[in-house]
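Engineer: Please find one structure pasted underneath; my questions will follow.
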Amino acid sequence: DSRIVIIGAGHAGGTLAAVLRDQGHAGLITLIGEETHLPYQRPPLSKAFLKGSAEIPSLLLKNADFYTTHDIALQLGRRVEAIDRAARSVTLDDGSVLPYDFLAIATGARPRRLPIPGADLANILTLRSIADGERLRDVLQPGRRLAVVGGGYVGLEVAASARALGLDVTVVEREARLLARVASGPLARFYERHHGQQGVHIICDAQAARFEGTDAVEALCLADGRRIPCDVAIVGVGAQPNDELARAAGLQCENGIVVDQDARSSDPAIFAIGDLSWRPMPLYGNRMFRLESVPNALEQARQAACAILGKARPAPEVPWFWSDQYELKLQIAGVPFDADRQVLRGDPDQAKFAVYHLCGERVVAVEALNSPLDFIAGKQFVAAGSAVSAERLADPSVKARDAVL
Ligand code: FAD
């Protein structure tokens, strides 16, 4: 009947509270979140919510009744200011102190800022929370010009949603291609072409140097002198883990809070789950990685719940992720660690294909665009460590599973 405190009422924290009750924990569970909303899903913020086809109630993980009937104490609109590991307590921004037997840190990540002149002008926004999404929705009006800084998933999803809303959109990316850190060349080239066909202007190899404007932003200026007039700008240049509380408390941190396969930190009474954890990947020889995805938040919530309740560790899962842009559904399974070749299956011109990543003959990841069968097959290959024939895999007349050696 231990007392469990969870800091961060987001996807990971909200799920952990629910799973703990589901698995029979009878003691106190307190979920503390600085946002005023009940735990919710963020993926729709750049997609359906931005386009106005989803509203807040449909984003919530659970409705308010759930927390009452499951006796989960919610402290929303409250920020945890400090962790006292010796006393096993946390201090909130109203000065109250909550003791714990087990603590879970699930404070997520926040958008990186662009340290360039003019970045504080009005209508230059980032997107992480419902509040950000509401602000963005207000300013994304038809006919306006939007500059997107950063050609990653969030930036490209906002670009697609803004085109659907009738804005003129320019995406500026510092690297030589879109999605440079998170997707293969063939996939990035496909997106570049598709966004172009949808009327998005894409400028790669370009450094944002400053914003211009009097009160609100009027232009984004690039280091090479180009000037992109705009009424709204969104900065999507990655996220950094909210691990300051953990660092101040002396927990081991690298690119986020270091945890083991049970999501346990360097303090056995403290767990760290979701976007802020620097975690081992069992299917990849326990390489350490930070994953910003919903499936990762769910997996680590289950790991932490099992460890806290003394239950067997759940089987390791294949990491996966998705992105929706226009009518394109991308699903990615695995991480292309040590991949030495890519196998293209299907036809990018038909907007239906997959890029398999192989290390020798073993599949380590798959990127499947409008191709759920390849996603399922690739995910199974990664889970099983399957070796495949690259030639058979590349032949769409052969079923993917028949490519296994
Ligand atoms: P969060 O959900 O961010 O929750 C952390 C919470 O902790 C926040 O509410 C924060 O306010 C709170 N907090 C922080 N510090 C404190 C403190 N000191 N005290 C109290 N509370 C605190 N993933 C996918 O898999 N597919 C997608 O298509 C996808 N699209 C996305 C689109 C957008 C626009 C964004 C922003 C993310 C998207 N993601 C997507 C990523 C996914 O939403 C995250 O991986 C997931 O939300 C991580 O959950 P989390 O609980 O770790 O963090």
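Letters A, B, ... mark the chains of the structure tokens in the order given; residue numbers begin at 1 per chain; ligand numbers begin at 1, in order shown.
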When the cut-off is 7 Å and you count only C-alpha atoms and all ligand atoms, which residues lie near ligand 1, shown as a ChimeraX atom specification?

Structural biologist: /A:7-13,32-35,41-46,78-81,106-109,127-129,154,242,245,273-276,292-295,297,321-324

Engineer: Using only C-alpha atoms, determine which residues lie at most 9 Å from stretch 183-186 of chain A, disregarding the query and same-chain residues fewer than 6 positions distant; provide the list as a PyMOL selection string.

Structural biologist: chain A and resi 177+342+344+348+355+367

Engineer: Which one is closest to A:Leu59: A:Ile130, A:Leu298, A:Gln331, A:Val19? Count only C-alpha atoms.

Structural biologist: A:Ile130

Engineer: Pick from A:Ala131, A:Ala18, A:Ala263, A:Ile83: nearest to A:Ala248, with only C-alpha atoms counted?

Structural biologist: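 For A:Ala248, the nearest of the given residues is A:Ile83.
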
Engineer: Between A:Leu179, A:Gly378, A:Gly238, A:Ala387, which one has atoms that come closest to A:Cys359, using only C-alpha atoms?

Structural biologist: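 Selected residue with least distance to A:Cys359: A:Ala387.
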
Engineer: With only C-alpha atoms as the basis for distance, which of A:Leu103, A:Val237, A:Met281, A:Ala354 is at the shortest distance from A:Leu156?

Structural biologist: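 The shortest atom-to-atom distance to A:Leu156 comes from A:Val237.
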
Engineer: Of the candidates A:Arg287, A:Arg362, A:Lys399, A:Arg313, which shows the shortest atom-to-atom distance to A:Arg345, using only C-alpha atoms?

Structural biologist: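 For A:Arg345, the nearest of the candidates is A:Lys399.
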
Engineer: Which residues in stretch 339-383 of chain A does DSSP call alpha helix (DSSP H)? List them as a list in words.

Structural biologist: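 So the alpha helix (DSSP H) residues in stretch 339-383 of chain A would be Pro372, Leu373, Asp374, Phe375, Ile376, Ala377, Gly378, Lys379, Gln380, Phe381, Val382 and Ala383 of chain A.
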
Engineer: Tell me which of A:Leu50, A:Ala159, A:Ala269, A:Leu328 sits closest to A:Arg88, counting only C-alpha atoms.

Structural biologist: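 Looking only at the distances to A:Arg88, the closest residue turns out to be A:Ala269.
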
Engineer: Any chance you could list, as a list in words, the residues in stretch 33-111 of chain A that come up strand (DSSP E) when DSSP is run on the backbone?

Structural biologist: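 After running DSSP on the backbone, stretch 33-111 of chain A has strand (DSSP E) at Gly33, Ile72, Ala73, Leu74, Gln75, Leu76, Val80, Glu81, Ala82, Ile83, Asp84, Ser89, Val90, Thr91, Leu92, Val97, Leu98, Pro99, Phe102, Leu103, Ala104, Ile105, Ala109, Arg110 and Pro111 of chain A.
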
Engineer: List the neighbours of A:Asn63 out to 10 Å using only C-alpha atoms; skip same-chain residues closer than 5 positions along the sequence, and give me the result as a PyMOL selection string.

Structural biologist: chain A and resi 38-40+57-58+68

Engineer: Stretch 311-336 of chain A near stretch 187-199 of chain A within 10 Å: what's each residue's closest atom pair and its distance in Å to one decimal, counting only C-alpha atoms, ordered by chain then ascending residue number, as a tab-separated table?

Structural biologist:
```
residue	atom	partner	partner_atom	distance
A:Gln325	CA	A:His195	CA	9.1
A:Tyr326	CA	A:Gln198	CA	8.9
A:Leu328	CA	A:Tyr191	CA	9.4
A:Leu330	CA	A:Leu187	CA	9.6
```

Engineer: Quote the spacing between atom CA of A:Val382 and atom CA of A:Gln240 in Å to one decimal place.

Structural biologist: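 Between atom CA of A:Val382 and atom CA of A:Gln240 the gap works out to 27.8 Å.
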
Engineer: Which residues are close to A:Glu244, i.e. within 10 Å by only C-alpha atoms, leaving aside same-chain residues fewer than 6 positions away? Reply as a ChimeraX atom specification.

Structural biologist: /A:81-82,107,250-251,253,256-257

Engineer: Near A:Phe381, within 12 Å and counting only C-alpha atoms, which residues show up once chain neighbours fewer than 3 positions away are dropped, as a PyMOL selection string?

Structural biologist: chain A and resi 283+318+333-334+356-358+361-366+374-378+384-388+393+400-405
